[in-house]
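Novice: For reference, this is entry05.csv, and it has CSV, C-alpha atoms.
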chain,number,residue,atom,x,y,z
K,1,MET,CA,0.0,0.0,0.0
K,2,GLN,CA,1.2,3.5,-0.8
K,3,GLN,CA,2.8,5.2,2.2
K,4,SER,CA,2.3,8.7,3.5
K,5,THR,CA,4.1,11.6,1.7
K,6,LEU,CA,6.2,14.2,3.4
K,7,VAL,CA,6.6,17.5,1.5
K,8,ARG,CA,9.4,19.8,2.7
K,9,LEU,CA,8.7,23.5,2.3
K,10,LYS,CA,12.0,24.6,4.0
K,11,GLU,CA,15.4,22.9,3.6
K,12,ASN,CA,18.6,23.0,5.7
K,13,LEU,CA,16.9,24.0,8.9
K,14,GLU,CA,19.2,24.1,12.0
K,15,LEU,CA,17.2,23.9,15.2
K,16,LYS,CA,18.4,23.8,18.8
K,17,LYS,CA,16.7,21.1,20.7
K,18,PRO,CA,13.1,22.1,19.8
K,19,THR,CA,10.1,20.9,21.7
K,20,LEU,CA,7.4,19.2,19.6
K,21,VAL,CA,3.8,20.2,20.4
K,22,VAL,CA,1.1,17.9,18.8
K,23,GLY,CA,-2.5,19.2,18.5
K,24,LEU,CA,-4.4,17.0,16.0
K,25,PRO,CA,-8.2,16.7,15.9
K,26,GLY,CA,-9.6,14.7,18.8
K,27,VAL,CA,-12.2,14.9,21.7
K,28,GLY,CA,-13.7,18.3,21.8
K,29,LEU,CA,-11.0,19.5,19.4
K,30,VAL,CA,-9.2,20.7,22.5
K,31,GLY,CA,-5.6,19.9,21.4
K,32,LYS,CA,-6.2,21.3,17.9
K,33,LEU,CA,-7.6,24.6,19.2
K,34,VAL,CA,-4.6,25.1,21.6
K,35,ALA,CA,-1.9,24.2,19.0
K,36,GLU,CA,-3.4,26.2,16.2
K,37,HIS,CA,-3.9,29.2,18.5
K,38,LEU,CA,-0.2,29.1,19.5
K,39,VAL,CA,0.8,28.8,15.8
K,40,ASP,CA,-1.1,32.0,15.1
K,41,GLU,CA,0.0,33.9,18.2
K,42,LEU,CA,3.7,33.0,17.8
K,43,GLY,CA,3.7,33.6,14.0
K,44,ALA,CA,5.0,30.1,13.4
K,45,GLU,CA,6.0,29.2,9.8
K,46,LYS,CA,4.9,26.1,7.9
K,47,ILE,CA,7.9,24.0,7.1
K,48,MET,CA,6.4,20.6,6.2
K,49,GLU,CA,3.1,19.1,4.9
K,50,VAL,CA,2.0,15.5,5.3
K,51,TYR,CA,-0.4,13.7,2.9
K,52,SER,CA,-1.6,10.2,3.5
K,53,PRO,CA,-3.9,7.6,2.0
K,54,HIS,CA,-5.0,7.0,5.6
K,55,PHE,CA,-6.7,10.4,5.7
K,56,PRO,CA,-10.4,10.6,4.6
K,57,PRO,CA,-10.9,10.5,0.9
K,58,GLN,CA,-12.1,14.1,0.6
K,59,VAL,CA,-10.9,17.6,-0.3
K,60,LEU,CA,-11.6,20.8,1.6
K,61,VAL,CA,-13.1,23.9,-0.1
K,62,ASN,CA,-11.3,27.2,0.3
K,63,LYS,CA,-12.9,30.7,0.6
K,64,ASP,CA,-12.2,31.3,-3.1
K,65,CYS,CA,-14.0,28.1,-4.1
K,66,THR,CA,-10.8,26.2,-5.0
K,67,VAL,CA,-10.1,22.9,-3.2
K,68,ARG,CA,-7.2,21.3,-1.4
K,69,PRO,CA,-6.6,17.8,-0.2
K,70,VAL,CA,-6.7,17.1,3.6
K,71,SER,CA,-3.3,17.2,5.2
K,72,ASN,CA,-1.4,17.7,8.4
K,73,ALA,CA,1.5,20.1,8.8
K,74,ILE,CA,4.6,21.0,10.8
K,75,PHE,CA,5.1,24.6,11.8
K,76,LEU,CA,8.2,26.2,13.3
K,77,GLY,CA,7.9,29.0,15.9
K,78,LYS,CA,9.7,30.4,18.9
K,79,ALA,CA,8.7,30.6,22.5
K,80,LYS,CA,11.0,33.3,23.8
K,81,GLU,CA,14.4,32.0,22.5
K,82,ASN,CA,13.4,28.4,22.3
K,83,ASP,CA,12.5,26.6,19.0
K,84,VAL,CA,9.1,24.9,19.0
K,85,LEU,CA,7.6,22.6,16.4
K,86,PHE,CA,3.8,22.3,16.1
K,87,LEU,CA,2.1,19.3,14.5
K,88,VAL,CA,-1.4,20.4,13.5
K,89,GLY,CA,-3.8,19.5,10.7
K,90,ASP,CA,-7.2,18.4,9.3
K,91,HIS,CA,-7.4,14.7,10.4
K,92,GLN,CA,-5.9,11.8,12.1
K,93,SER,CA,-5.8,8.4,10.4
K,94,THR,CA,-9.0,6.6,9.6
K,95,THR,CA,-7.2,3.2,9.9
K,96,SER,CA,-5.3,1.4,12.6
K,97,GLN,CA,-2.4,0.8,10.2
K,98,GLY,CA,-2.3,4.5,9.4
K,99,HIS,CA,-2.0,5.6,13.0
K,100,TYR,CA,1.1,3.5,13.4
K,101,GLU,CA,2.6,4.5,10.1
K,102,LEU,CA,2.0,8.2,10.6
K,103,CYS,CA,3.2,8.2,14.2
K,104,SER,CA,6.4,6.6,13.0
K,105,LEU,CA,6.8,9.3,10.4
K,106,TYR,CA,6.2,12.0,13.0
K,107,LEU,CA,8.8,10.5,15.3
K,108,ASP,CA,11.3,10.3,12.4
K,109,ILE,CA,10.9,14.1,12.0
K,110,ALA,CA,11.3,14.5,15.8
K,111,GLU,CA,14.6,12.5,15.6
K,112,GLU,CA,15.8,14.5,12.6
K,113,PHE,CA,15.5,17.8,14.4
K,114,GLY,CA,16.9,16.4,17.7
K,115,VAL,CA,13.6,16.9,19.7
K,116,PRO,CA,14.2,16.1,23.4
K,117,ARG,CA,10.6,16.3,24.4
K,118,ILE,CA,7.1,16.0,23.0
K,119,TYR,CA,3.8,17.3,24.4
K,120,THR,CA,0.7,15.8,22.8
K,121,LEU,CA,-2.5,17.8,23.5
K,122,GLY,CA,-6.0,16.4,23.7
K,123,GLY,CA,-9.4,16.3,25.5
K,124,TYR,CA,-10.5,14.0,28.3
K,125,PRO,CA,-14.3,13.2,27.9
K,126,THR,CA,-16.4,13.5,31.0
K,127,GLY,CA,-19.7,12.9,29.4
K,128,LYS,CA,-21.2,15.7,31.6
K,129,LEU,CA,-22.5,19.1,30.5
K,130,THR,CA,-20.4,20.8,33.1
K,131,TYR,CA,-17.0,22.5,32.9
K,132,GLU,CA,-13.9,21.5,34.9
K,133,GLU,CA,-10.7,23.5,34.7
K,134,THR,CA,-8.6,20.3,35.4
K,135,VAL,CA,-5.8,19.3,33.1
K,136,LEU,CA,-4.9,15.6,33.3
K,137,GLY,CA,-1.6,14.1,32.3
K,138,VAL,CA,0.3,10.9,31.5
K,139,ALA,CA,4.0,10.5,30.6
K,140,ASN,CA,6.3,7.9,29.2
K,141,ASP,CA,8.6,8.1,32.3
K,142,THR,CA,7.8,8.6,36.0
K,143,ARG,CA,10.6,11.1,36.4
K,144,LEU,CA,8.7,13.6,34.2
K,145,ILE,CA,5.6,13.5,36.4
K,146,GLU,CA,6.9,15.6,39.3
K,147,GLU,CA,8.2,18.3,37.0
K,148,ILE,CA,4.9,18.5,35.0
K,149,LYS,CA,2.8,18.6,38.2
K,150,THR,CA,4.4,21.9,39.1
K,151,TYR,CA,2.5,23.5,36.2
K,152,GLY,CA,-0.8,22.4,37.6
K,153,VAL,CA,-1.3,19.2,35.7
K,154,GLU,CA,-3.0,16.3,37.6
K,155,PHE,CA,-1.8,12.7,37.3
K,156,ARG,CA,-4.4,10.1,38.5
K,157,GLU,CA,-3.7,6.4,39.0
K,158,SER,CA,-4.6,4.4,35.9
K,159,GLU,CA,-6.4,7.3,34.2
K,160,PRO,CA,-7.7,7.5,31.6
K,161,SER,CA,-9.1,4.1,32.4
K,162,GLY,CA,-9.9,3.3,28.8
K,163,GLY,CA,-6.5,4.3,27.5
K,164,ILE,CA,-5.8,7.0,24.9
K,165,VAL,CA,-6.7,6.4,21.3
K,166,GLY,CA,-4.8,7.9,18.3
K,167,ALA,CA,-1.7,10.0,17.9
K,168,SER,CA,-1.9,11.6,21.4
K,169,GLY,CA,-1.3,8.2,23.1
K,170,LEU,CA,0.8,6.4,20.5
K,171,LEU,CA,3.4,9.2,20.2
K,172,VAL,CA,3.9,9.3,24.0
K,173,ALA,CA,4.4,5.5,24.2
K,174,PHE,CA,6.6,5.0,21.1
K,175,SER,CA,8.8,8.1,21.7
K,176,LYS,CA,10.3,6.3,24.7
K,177,MET,CA,11.8,3.7,22.3
K,178,ARG,CA,13.5,6.6,20.5
K,179,GLY,CA,14.9,8.1,23.7
K,180,ILE,CA,12.5,11.1,23.6
K,181,ASP,CA,10.7,12.3,26.8
K,182,ALA,CA,6.9,12.7,26.2
K,183,ALA,CA,3.7,13.5,27.9
K,184,CYS,CA,0.0,13.8,27.0
K,185,LEU,CA,-1.9,16.7,28.5
K,186,MET,CA,-5.7,16.5,28.4
K,187,GLY,CA,-8.3,19.2,29.1
K,188,MET,CA,-11.5,18.0,30.8
K,189,THR,CA,-14.4,18.3,28.3
K,190,PRO,CA,-18.0,17.1,27.9
K,191,GLY,CA,-16.7,15.6,24.6
K,192,TYR,CA,-19.9,16.4,22.6
K,193,LEU,CA,-18.8,19.6,20.9
K,194,MET,CA,-15.8,21.8,20.1
K,195,ASP,CA,-14.6,23.0,23.6
K,196,PRO,CA,-12.7,26.3,23.5
K,197,LYS,CA,-13.2,26.7,27.3
K,198,SER,CA,-11.3,23.4,28.0
K,199,ALA,CA,-8.7,24.6,25.4
K,200,GLN,CA,-8.2,27.8,27.5
K,201,SER,CA,-7.3,25.7,30.6
K,202,LEU,CA,-4.8,23.7,28.6
K,203,LEU,CA,-3.4,26.8,27.0
K,204,LYS,CA,-2.6,28.3,30.4
K,205,VAL,CA,-0.6,25.2,31.3
K,206,ILE,CA,1.4,25.3,28.0
K,207,CYS,CA,2.1,29.0,28.4
K,208,LYS,CA,3.5,28.3,31.9
K,209,MET,CA,5.7,25.6,30.6
K,210,PHE,CA,7.1,27.8,27.9
K,211,GLY,CA,7.1,31.0,30.0
K,212,ILE,CA,5.1,33.0,27.5
K,213,ASP,CA,1.9,35.1,27.4
K,214,VAL,CA,-0.4,35.0,24.4
K,215,ASN,CA,-3.6,36.8,23.5
K,216,THR,CA,-6.6,34.6,24.3
K,217,GLU,CA,-9.3,36.9,23.1
K,218,SER,CA,-10.4,34.7,20.1
K,219,LEU,CA,-10.6,31.6,22.3
K,220,GLU,CA,-12.6,33.5,24.9
K,221,LYS,CA,-15.1,34.6,22.3
K,222,LYS,CA,-15.5,31.0,21.1
K,223,ALA,CA,-15.9,29.8,24.7
K,224,GLU,CA,-18.7,32.3,25.3
K,225,GLU,CA,-20.5,31.1,22.2
K,226,MET,CA,-20.1,27.4,23.1
K,227,GLU,CA,-21.3,28.2,26.7
K,228,ASN,CA,-24.6,29.5,25.4
K,229,ILE,CA,-25.0,26.3,23.3
K,230,LEU,CA,-24.2,24.1,26.4
K,231,GLU,CA,-26.8,26.1,28.5
K,232,LYS,CA,-29.5,25.3,25.9
K,233,LEU,CA,-28.4,21.6,25.9
K,234,LYS,CA,-28.6,21.5,29.7
K,235,GLU,CA,-32.1,23.1,29.7
K,236,LYS,CA,-33.2,20.5,27.1
K,237,GLU,CA,-31.7,17.7,29.2
K,238,GLU,CA,-33.5,18.9,32.3
K,239,GLN,CA,-36.9,19.1,30.5
K,240,GLN,CA,-36.5,15.6,29.2
K,241,ALA,CA,-35.7,14.3,32.7
K,242,ILE,CA,-38.9,16.0,34.1
K,243,GLN,CA,-41.0,14.5,31.3
K,244,GLU,CA,-39.7,11.0,32.1
K,245,VAL,CA,-40.5,11.4,35.8
K,246,LYS,CA,-43.9,13.0,35.4
K,247,PRO,CA,-46.7,10.3,35.4
K,248,SER,CA,-49.1,10.2,32.5
K,249,GLU,CA,-52.9,10.8,32.9
K,250,GLU,CA,-53.5,7.0,32.5
K,251,ASP,CA,-51.1,6.3,35.4
K,252,LEU,CA,-53.0,8.8,37.6
K,253,ARG,CA,-56.3,6.9,37.2
K,254,TYR,CA,-54.9,4.0,39.1
K,255,ILE,CA,-53.8,6.0,42.2
K,256,GLY,CA,-56.2,5.1,45.0
Could I get this structure in the form of structure tokens?

Specialist:
Amino acid sequence: MQQSTLVRLKENLELKKPTLVVGLPGVGLVGKLVAEHLVDELGAEKIMEVYSPHFPPQVLVNKDCTVRPVSNAIFLGKAKENDVLFLVGDHQSTTSQGHYELCSLYLDIAEEFGVPRIYTLGGYPTGKLTYEETVLGVANDTRLIEEIKTYGVEFRESEPSGGIVGASGLLVAFSKMRGIDAACLMGMTPGYLMDPKSAQSLLKVICKMFGIDVNTESLEKKAEEMENILEKLKEKEEQQAIQEVKPSEEDLRYIG
């Protein structure tokens, strides 16, 4: 089967121990929102594109009515004086084989640039229509945990209980085999809709880690819009619960 294709937009790049931040689409789009926000705020430059037969068979329509194939991309930016690579994009793999192939490709890129640490970003689904500011973490080495805890990340025994599906988990596990430190950071989210509020909590943690401040106005605006939607969903849920509890007229006839 044809493998994924890496297109290099910049050659002969010399980076000094860059951190890799991964924010691909996932639960609540939390990781994607954070990584793309940082790409914009730090003025990161696209240096690579990834195309794969494991992505959905579709094209995306641009504002000018032209089309482009779905893809993922690597951006290069700076957090203060430190180089940071961002892996963002349109989709994760639609096949199990593709997840492993693409993760291997991403780790090849990390090795090429001498990446010492990877942070994968995602959402932790609670299934509840309530907001929690908590950010959960897992790491590929216990020595990383105490350090990452200082930024306000919680580590809970055997959580997430169902494991982590997709690139966010695979990259953390397999990076250890390449001698790269890695952690997955997850914002708590209902998991039903895009969740910019959870993304704000996760963004705060990342900014602490890199010692930077970024404008969060656009995320705040999205969070307000989604909060209104969630409030309506809560009202609908409560109404349905009342209707289920309320006895019918037929039931009332049999009350003595």

Novice: Given the choices K:Arg156, K:Arg8, K:Lys32, K:His91, which gets closest to K:Leu121 if the distance is worked out from all atoms listed in the file?

Specialist: K:Lys32

Novice: Could you check which of K:Asn228, K:Ser201, K:Asn140, K:Ser175 is closest to K:Cys103, using all atoms listed in the file?

Specialist: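 The shortest atom-to-atom distance to K:Cys103 comes from K:Ser175.
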
Novice: Report as an mmCIF file with C-alpha atoms, in the coordinates of the input all protein, DNA and RNA residues lying within 8 Å of stretch 35-39 of chain K, evaluated on all atoms listed in the file, omitting residues in the same chain fewer than 3 positions from it.

Specialist:
data_model
loop_
_atom_site.group_PDB
_atom_site.id
_atom_site.type_symbol
_atom_site.label_atom_id
_atom_site.label_comp_id
_atom_site.auth_asym_id
_atom_site.auth_seq_id
_atom_site.Cartn_x
_atom_site.Cartn_y
_atom_site.Cartn_z
ATOM 1 C CA VAL K 21 3.800 20.200 20.400
ATOM 2 C CA VAL K 22 1.100 17.900 18.800
ATOM 3 C CA GLY K 23 -2.500 19.200 18.500
ATOM 4 C CA GLY K 31 -5.600 19.900 21.400
ATOM 5 C CA LYS K 32 -6.200 21.300 17.900
ATOM 6 C CA LEU K 42 3.700 33.000 17.800
ATOM 7 C CA GLY K 43 3.700 33.600 14.000
ATOM 8 C CA ALA K 44 5.000 30.100 13.400
ATOM 9 C CA GLU K 45 6.000 29.200 9.800
ATOM 10 C CA PHE K 75 5.100 24.600 11.800
ATOM 11 C CA GLY K 77 7.900 29.000 15.900
ATOM 12 C CA PHE K 86 3.800 22.300 16.100
ATOM 13 C CA LEU K 87 2.100 19.300 14.500
ATOM 14 C CA VAL K 88 -1.400 20.400 13.500
ATOM 15 C CA LEU K 121 -2.500 17.800 23.500
ATOM 16 C CA VAL K 214 -0.400 35.000 24.400
#

Novice: Can you tell me, as a VMD selection string, what residues are no more than 12 Å from stretch 189-195 of chain K when counting only C-alpha atoms, ignoring any on the same chain fewer than 2 positions away?

Specialist: chain K and resid 25 to 34 122 to 136 186 to 187 197 to 202 219 to 227 229 to 230 233 to 234

Novice: Mind giving me the straight-line distance from atom CA of K:Lys16 to atom CA of K:Ser71 in Å, one decimal?

Specialist: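 That distance, rounded to one decimal, is 26.4 Å.
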
Novice: Which distance in Å separates atom CA of K:Asp213 and atom CA of K:Ile180, to one decimal?

Specialist: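 Here the two named atoms are 26.5 Å from each other.
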
Novice: Excluding same-chain residues fewer than 4 positions from K:Asp181, what lies within 8 Å of it counting all atoms listed in the file, as number ranges by chain?

Specialist: K: 116-118, 139-141, 144, 172, 175-176

Novice: For atom CA of K:Val7 and atom CA of K:Gly166, determine how far apart the two atoms are, in Å to one decimal place.

Specialist: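 Separating atom CA of K:Val7 from atom CA of K:Gly166 is a distance of 22.5 Å.
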
Novice: Counting all atoms listed in the file, figure out which residue out of K:Gln239, K:Ala79, K:Gln3, K:Pro196 gets nearest to K:Gly211.

Specialist: K:Ala79

Novice: Do you know which residues are at most 10 Å from K:Val165 counting all atoms listed in the file, after dropping those on the same chain fewer than 3 positions away, and could you put them as an MDAnalysis selection string?

Specialist: chainID K and resid 26 99 162 168:170

Novice: Leaving out K:Glu14 and any residue of its chain fewer than 2 positions from it, which residues lie within 12 Å of it when counting only C-alpha atoms, given as an mmCIF file with C-alpha atoms, in the coordinates of the input?

Specialist:
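selection_36.cif, freshly written:
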data_model
loop_
_atom_site.group_PDB
_atom_site.id
_atom_site.type_symbol
_atom_site.label_atom_id
_atom_site.label_comp_id
_atom_site.auth_asym_id
_atom_site.auth_seq_id
_atom_site.Cartn_x
_atom_site.Cartn_y
_atom_site.Cartn_z
ATOM 1 C CA LYS K 10 12.000 24.600 4.000
ATOM 2 C CA GLU K 11 15.400 22.900 3.600
ATOM 3 C CA ASN K 12 18.600 23.000 5.700
ATOM 4 C CA LYS K 16 18.400 23.800 18.800
ATOM 5 C CA LYS K 17 16.700 21.100 20.700
ATOM 6 C CA PRO K 18 13.100 22.100 19.800
ATOM 7 C CA LEU K 76 8.200 26.200 13.300
ATOM 8 C CA ASP K 83 12.500 26.600 19.000
ATOM 9 C CA GLU K 112 15.800 14.500 12.600
ATOM 10 C CA PHE K 113 15.500 17.800 14.400
ATOM 11 C CA GLY K 114 16.900 16.400 17.700
ATOM 12 C CA VAL K 115 13.600 16.900 19.700
#

Novice: Complete the atom set of stretch 68-87 of chain K to N, CA, C and O atoms and return it as an mmCIF file, keeping the file's coordinate frame.

Specialist:
data_model
loop_
_atom_site.group_PDB
_atom_site.id
_atom_site.type_symbol
_atom_site.label_atom_id
_atom_site.label_comp_id
_atom_site.auth_asym_id
_atom_site.auth_seq_id
_atom_site.Cartn_x
_atom_site.Cartn_y
_atom_site.Cartn_z
ATOM 1 N N ARG K 68 -8.481 21.863 -1.819
ATOM 2 C CA ARG K 68 -7.200 21.300 -1.400
ATOM 3 C C ARG K 68 -7.386 19.979 -0.752
ATOM 4 O O ARG K 68 -8.411 19.754 -0.102
ATOM 5 N N PRO K 69 -6.427 19.056 -0.871
ATOM 6 C CA PRO K 69 -6.600 17.800 -0.200
ATOM 7 C C PRO K 69 -6.346 17.948 1.321
ATOM 8 O O PRO K 69 -5.664 18.888 1.751
ATOM 9 N N VAL K 70 -6.957 17.081 2.119
ATOM 10 C CA VAL K 70 -6.700 17.100 3.600
ATOM 11 C C VAL K 70 -5.256 16.805 3.829
ATOM 12 O O VAL K 70 -4.635 16.022 3.113
ATOM 13 N N SER K 71 -4.707 17.411 4.861
ATOM 14 C CA SER K 71 -3.300 17.200 5.200
ATOM 15 C C SER K 71 -3.030 17.595 6.621
ATOM 16 O O SER K 71 -3.846 18.248 7.267
ATOM 17 N N ASN K 72 -1.871 17.196 7.122
ATOM 18 C CA ASN K 72 -1.400 17.700 8.400
ATOM 19 C C ASN K 72 -0.088 18.472 8.078
ATOM 20 O O ASN K 72 0.463 18.361 6.976
ATOM 21 N N ALA K 73 0.368 19.282 9.037
ATOM 22 C CA ALA K 73 1.500 20.100 8.800
ATOM 23 C C ALA K 73 2.381 20.321 9.995
ATOM 24 O O ALA K 73 1.903 20.215 11.130
ATOM 25 N N ILE K 74 3.652 20.622 9.765
ATOM 26 C CA ILE K 74 4.600 21.000 10.800
ATOM 27 C C ILE K 74 4.908 22.459 10.684
ATOM 28 O O ILE K 74 5.276 22.921 9.600
ATOM 29 N N PHE K 75 4.740 23.203 11.785
ATOM 30 C CA PHE K 75 5.100 24.600 11.800
ATOM 31 C C PHE K 75 6.256 24.830 12.776
ATOM 32 O O PHE K 75 6.392 24.106 13.768
ATOM 33 N N LEU K 76 7.070 25.820 12.473
ATOM 34 C CA LEU K 76 8.200 26.200 13.300
ATOM 35 C C LEU K 76 7.999 27.574 13.905
ATOM 36 O O LEU K 76 7.791 28.535 13.163
ATOM 37 N N GLY K 77 8.043 27.670 15.229
ATOM 38 C CA GLY K 77 7.900 29.000 15.900
ATOM 39 C C GLY K 77 8.914 29.077 17.023
ATOM 40 O O GLY K 77 9.710 28.162 17.263
ATOM 41 N N LYS K 78 8.854 30.191 17.727
ATOM 42 C CA LYS K 78 9.700 30.400 18.900
ATOM 43 C C LYS K 78 8.926 30.816 20.096
ATOM 44 O O LYS K 78 8.051 31.665 20.008
ATOM 45 N N ALA K 79 9.223 30.190 21.241
ATOM 46 C CA ALA K 79 8.700 30.600 22.500
ATOM 47 C C ALA K 79 9.840 31.193 23.290
ATOM 48 O O ALA K 79 10.724 30.464 23.752
ATOM 49 N N LYS K 80 9.857 32.520 23.345
ATOM 50 C CA LYS K 80 11.000 33.300 23.800
ATOM 51 C C LYS K 80 12.186 32.901 22.889
ATOM 52 O O LYS K 80 12.107 33.097 21.697
ATOM 53 N N GLU K 81 13.271 32.324 23.410
ATOM 54 C CA GLU K 81 14.400 32.000 22.500
ATOM 55 C C GLU K 81 14.423 30.529 22.129
ATOM 56 O O GLU K 81 15.363 30.068 21.482
ATOM 57 N N ASN K 82 13.397 29.793 22.511
ATOM 58 C CA ASN K 82 13.400 28.400 22.300
ATOM 59 C C ASN K 82 12.586 27.983 21.023
ATOM 60 O O ASN K 82 11.475 28.479 20.812
ATOM 61 N N ASP K 83 13.149 27.103 20.204
ATOM 62 C CA ASP K 83 12.500 26.600 19.000
ATOM 63 C C ASP K 83 11.344 25.653 19.429
ATOM 64 O O ASP K 83 11.529 24.797 20.309
ATOM 65 N N VAL K 84 10.189 25.806 18.783
ATOM 66 C CA VAL K 84 9.100 24.900 19.000
ATOM 67 C C VAL K 84 8.475 24.461 17.699
ATOM 68 O O VAL K 84 8.214 25.284 16.816
ATOM 69 N N LEU K 85 8.290 23.164 17.554
ATOM 70 C CA LEU K 85 7.600 22.600 16.400
ATOM 71 C C LEU K 85 6.187 22.284 16.748
ATOM 72 O O LEU K 85 5.921 21.764 17.838
ATOM 73 N N PHE K 86 5.266 22.600 15.856
ATOM 74 C CA PHE K 86 3.800 22.300 16.100
ATOM 75 C C PHE K 86 3.352 21.374 14.992
ATOM 76 O O PHE K 86 3.507 21.662 13.800
ATOM 77 N N LEU K 87 2.772 20.254 15.393
ATOM 78 C CA LEU K 87 2.100 19.300 14.500
ATOM 79 C C LEU K 87 0.627 19.556 14.572
ATOM 80 O O LEU K 87 0.016 19.279 15.611
#
